[in-house]
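Only one structure is covered here, and it is reproduced in the block below.
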Amino acid sequence: MEGTMQTETKIRAESGIESGPRGPSCSLRHFACEQNLLSRPDGSASFLQGDTSVLAGVYGPAEVKVSKEIFNKATLEVTLRPKIGLPGVAEKSRERLIRNTCEAVVLGALHPRTSITVVLQVVSDAGSLLACCLNAACMALVDAGVPMRALFCGVTCALDSDGTLLLDPTAKQEKEARAVLTFALDSVERKLLMSTTKGLYSDAELQQCLAAAQAASQHVFRFYRESLQRRYSKS
């Protein structure tokens, strides 16, 4: 995903956020976002959560191959490129989850018989990678002007051996966790759009993690708004 830097329109927004009364275990890492970084895609964004960083480019709505054409809506495709090497099973699984999330909010019926392609490049993975990919994809879709019924964000939760809930865990915290759960939520009703889980947890812990993710999403969406306001106020 190469392109020319457009420094005159590049916007950087940053936020370090804490959520909830439980102290450090319920805090989100520092956020940063830049949009319109690349000249070739119709929209682009980089998203940073702590030391996890993802670059996203959106192409379309554009012409679609006849074999992939859908007569009543846009064809949405997602490609996830790892930091090094070729995409494997993990990337293909994440591509499907991101595509399902995007399809839940993108108003594809406004652009039938076209394609919308989201290309994600992992720059660094220091934990909560899927959530960071979702956030980068959303900001790139906004930058491309793709119509959506709502914004969306990703939030990852980890449960350690004694049941303590960690939001936005690092790679080390994920590795040591008993369970890792990632949720995609919309900006209108904090509605659950997608979830994926790994490890062992109870129904009560699942609900606790979902509630924590919904609360954390308010901070992510506030960061989105501040980032976009800052950008468009300078346009």
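Chains: A, B, ... in order of the structure tokens. Residues: from 1 per chain. Ligands: from 1, in order shown.
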
Tell me, which residues of chain A carry DSSP strand (DSSP E or B), written as a ChimeraX atom specification? /A:11-15,18,27,31-35,43-49,52-63,75-81,106,114-124,148,152-159,165-167,179-186,192-199

Considering only C-alpha atoms, return as a ChimeraX atom specification whatever protein or nucleic-acid residues lie within 7 Å of stretch 162-177 of chain A, sequence-local ones (same chain, fewer than 5 positions apart) excluded. /A:25-29,126-128,155-157

Best match for closeness to A:Val54 among A:Gln35, A:Asn135, A:Gln218, A:Thr79, counting only C-alpha atoms: A:Asn135

For A:Leu159, which residue out of A:Ser115, A:Thr196, A:Ser187, A:Gln208 is the nearest one, using only C-alpha atoms? A:Gln208

DSSP-assigned helix (DSSP H, G or I) members of stretch 4-230 of chain A, reported as an MDAnalysis selection string: chainID A and resid 23:26 66:68 89:105 108:110 129:144 171:176 203:230

Could you write out the selected residues, including C-alpha atoms, as an mmCIF file, in the first residue's frame?
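And here is the file that came out, again-v3.cif:
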```cif
data_model
loop_
_atom_site.group_PDB
_atom_site.id
_atom_site.type_symbol
_atom_site.label_atom_id
_atom_site.label_comp_id
_atom_site.auth_asym_id
_atom_site.auth_seq_id
_atom_site.Cartn_x
_atom_site.Cartn_y
_atom_site.Cartn_z
ATOM 1 C CA GLY A 23 -8.047 1.886 37.717
ATOM 2 C CA PRO A 24 -5.311 0.752 35.342
ATOM 3 C CA SER A 25 -6.928 -2.604 34.467
ATOM 4 C CA CYS A 26 -9.873 -0.767 32.916
ATOM 5 C CA VAL A 66 -18.790 -9.325 -13.417
ATOM 6 C CA SER A 67 -18.131 -12.548 -11.486
ATOM 7 C CA LYS A 68 -18.265 -10.622 -8.177
ATOM 8 C CA VAL A 89 -5.204 -18.511 8.413
ATOM 9 C CA ALA A 90 -5.278 -15.846 11.141
ATOM 10 C CA GLU A 91 -5.410 -13.015 8.587
ATOM 11 C CA LYS A 92 -8.156 -14.737 6.576
ATOM 12 C CA SER A 93 -10.226 -15.163 9.737
ATOM 13 C CA ARG A 94 -9.783 -11.498 10.673
ATOM 14 C CA GLU A 95 -10.647 -10.436 7.110
ATOM 15 C CA ARG A 96 -13.983 -12.239 7.405
ATOM 16 C CA LEU A 97 -14.767 -10.639 10.785
ATOM 17 C CA ILE A 98 -13.884 -7.142 9.522
ATOM 18 C CA ARG A 99 -15.893 -7.649 6.326
ATOM 19 C CA ASN A 100 -18.950 -8.795 8.314
ATOM 20 C CA THR A 101 -18.667 -5.698 10.500
ATOM 21 C CA CYS A 102 -18.342 -3.340 7.528
ATOM 22 C CA GLU A 103 -21.277 -4.967 5.743
ATOM 23 C CA ALA A 104 -23.447 -4.349 8.814
ATOM 24 C CA VAL A 105 -23.017 -0.559 8.553
ATOM 25 C CA GLY A 108 -24.132 -0.812 -0.032
ATOM 26 C CA ALA A 109 -27.560 -0.539 -1.650
ATOM 27 C CA LEU A 110 -26.699 3.065 -2.614
ATOM 28 C CA LEU A 129 -4.786 -6.115 16.730
ATOM 29 C CA LEU A 130 -8.299 -6.918 15.472
ATOM 30 C CA ALA A 131 -9.773 -3.952 17.365
ATOM 31 C CA CYS A 132 -7.114 -1.656 15.886
ATOM 32 C CA CYS A 133 -7.871 -3.016 12.383
ATOM 33 C CA LEU A 134 -11.564 -2.274 12.854
ATOM 34 C CA ASN A 135 -10.843 1.271 14.008
ATOM 35 C CA ALA A 136 -8.468 1.929 11.107
ATOM 36 C CA ALA A 137 -11.029 0.536 8.639
ATOM 37 C CA CYS A 138 -13.791 2.784 9.993
ATOM 38 C CA MET A 139 -11.713 5.944 9.778
ATOM 39 C CA ALA A 140 -10.553 5.064 6.248
ATOM 40 C CA LEU A 141 -14.179 4.446 5.141
ATOM 41 C CA VAL A 142 -15.103 7.860 6.537
ATOM 42 C CA ASP A 143 -12.156 9.441 4.733
ATOM 43 C CA ALA A 144 -13.297 7.832 1.470
ATOM 44 C CA ALA A 171 0.328 -8.761 23.422
ATOM 45 C CA LYS A 172 1.882 -9.944 26.704
ATOM 46 C CA GLN A 173 -1.444 -9.577 28.535
ATOM 47 C CA GLU A 174 -3.236 -11.475 25.758
ATOM 48 C CA LYS A 175 -0.717 -14.307 25.935
ATOM 49 C CA GLU A 176 -1.115 -14.626 29.713
ATOM 50 C CA ASP A 203 -21.753 -16.406 30.639
ATOM 51 C CA ALA A 204 -21.509 -13.809 33.403
ATOM 52 C CA GLU A 205 -17.953 -12.921 32.365
ATOM 53 C CA LEU A 206 -19.046 -12.625 28.736
ATOM 54 C CA GLN A 207 -21.736 -10.133 29.718
ATOM 55 C CA GLN A 208 -19.257 -8.276 31.943
ATOM 56 C CA CYS A 209 -16.804 -7.978 29.046
ATOM 57 C CA LEU A 210 -19.520 -6.836 26.632
ATOM 58 C CA ALA A 211 -20.695 -4.162 29.086
ATOM 59 C CA ALA A 212 -17.100 -2.966 29.572
ATOM 60 C CA ALA A 213 -16.577 -2.861 25.802
ATOM 61 C CA GLN A 214 -19.793 -0.876 25.296
ATOM 62 C CA ALA A 215 -18.682 1.634 27.932
ATOM 63 C CA ALA A 216 -15.206 1.877 26.380
ATOM 64 C CA SER A 217 -16.710 2.376 22.902
ATOM 65 C CA GLN A 218 -18.122 5.730 24.048
ATOM 66 C CA HIS A 219 -14.546 6.949 24.526
ATOM 67 C CA VAL A 220 -13.468 5.577 21.137
ATOM 68 C CA PHE A 221 -16.386 7.285 19.374
ATOM 69 C CA ARG A 222 -15.642 10.521 21.207
ATOM 70 C CA PHE A 223 -12.056 10.256 19.926
ATOM 71 C CA TYR A 224 -13.416 9.710 16.389
ATOM 72 C CA ARG A 225 -15.568 12.849 16.671
ATOM 73 C CA GLU A 226 -12.733 14.981 18.009
ATOM 74 C CA SER A 227 -10.396 13.669 15.306
ATOM 75 C CA LEU A 228 -12.896 14.408 12.513
ATOM 76 C CA GLN A 229 -13.823 17.827 13.902
ATOM 77 C CA ARG A 230 -10.166 18.745 14.096
#
```

So which residues touch A:Ser124 within 8 Å, counting only C-alpha atoms, skipping near sequence neighbours fewer than 6 positions away, as a ChimeraX atom specification? /A:51-54,83

So that I have them on file, write out the residues from the current selection with N, CA, C and O atoms, as a PDB file, in the first residue's frame.
```pdb
ATOM      1  N   ASP A  51       1.197   0.566  21.191  1.00  0.00           N
ATOM      2  CA  ASP A  51       2.229   0.304  20.186  1.00  0.00           C
ATOM      3  C   ASP A  51       1.695  -0.548  19.030  1.00  0.00           C
ATOM      4  O   ASP A  51       2.477  -1.030  18.210  1.00  0.00           O
ATOM      5  N   THR A  52       0.389  -0.747  18.985  1.00  0.00           N
ATOM      6  CA  THR A  52      -0.224  -1.451  17.857  1.00  0.00           C
ATOM      7  C   THR A  52      -0.633  -0.431  16.807  1.00  0.00           C
ATOM      8  O   THR A  52      -1.284   0.565  17.128  1.00  0.00           O
ATOM      9  N   SER A  53      -0.230  -0.668  15.562  1.00  0.00           N
ATOM     10  CA  SER A  53      -0.479   0.312  14.503  1.00  0.00           C
ATOM     11  C   SER A  53      -0.925  -0.383  13.228  1.00  0.00           C
ATOM     12  O   SER A  53      -0.340  -1.396  12.827  1.00  0.00           O
ATOM     13  N   VAL A  54      -1.983   0.161  12.596  1.00  0.00           N
ATOM     14  CA  VAL A  54      -2.527  -0.390  11.355  1.00  0.00           C
ATOM     15  C   VAL A  54      -2.770   0.742  10.371  1.00  0.00           C
ATOM     16  O   VAL A  54      -3.281   1.806  10.750  1.00  0.00           O
ATOM     17  N   LYS A  83       2.530  -7.902   8.956  1.00  0.00           N
ATOM     18  CA  LYS A  83       3.719  -7.036   8.936  1.00  0.00           C
ATOM     19  C   LYS A  83       4.791  -7.617   8.023  1.00  0.00           C
ATOM     20  O   LYS A  83       5.436  -6.894   7.257  1.00  0.00           O
TER      21      LYS A  83
END
```

Looking at only C-alpha atoms, which of A:Pro112, A:Gly88, A:Gly199, A:Gly50 is the one that sits closest to A:Ala74? A:Pro112

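Candidate residues A:Ala158, A:Gly85, A:Glu77, A:Tyr59 were compared for distance to A:Tyr201, and the nearest is A:Ala158, using only C-alpha atoms.
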
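Excluding A:Val64 itself and any same-chain residue fewer than 5 positions from it, the protein and nucleic acid residues within 8 Å of it, counting only C-alpha atoms, are A:Glu69, A:Thr75, A:Arg113, A:Thr114, A:Ser115.
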
Please, what distance in Å, to one decimal, runs between atom CA of A:Gly60 and atom CA of A:Asn72? 16.2 Å
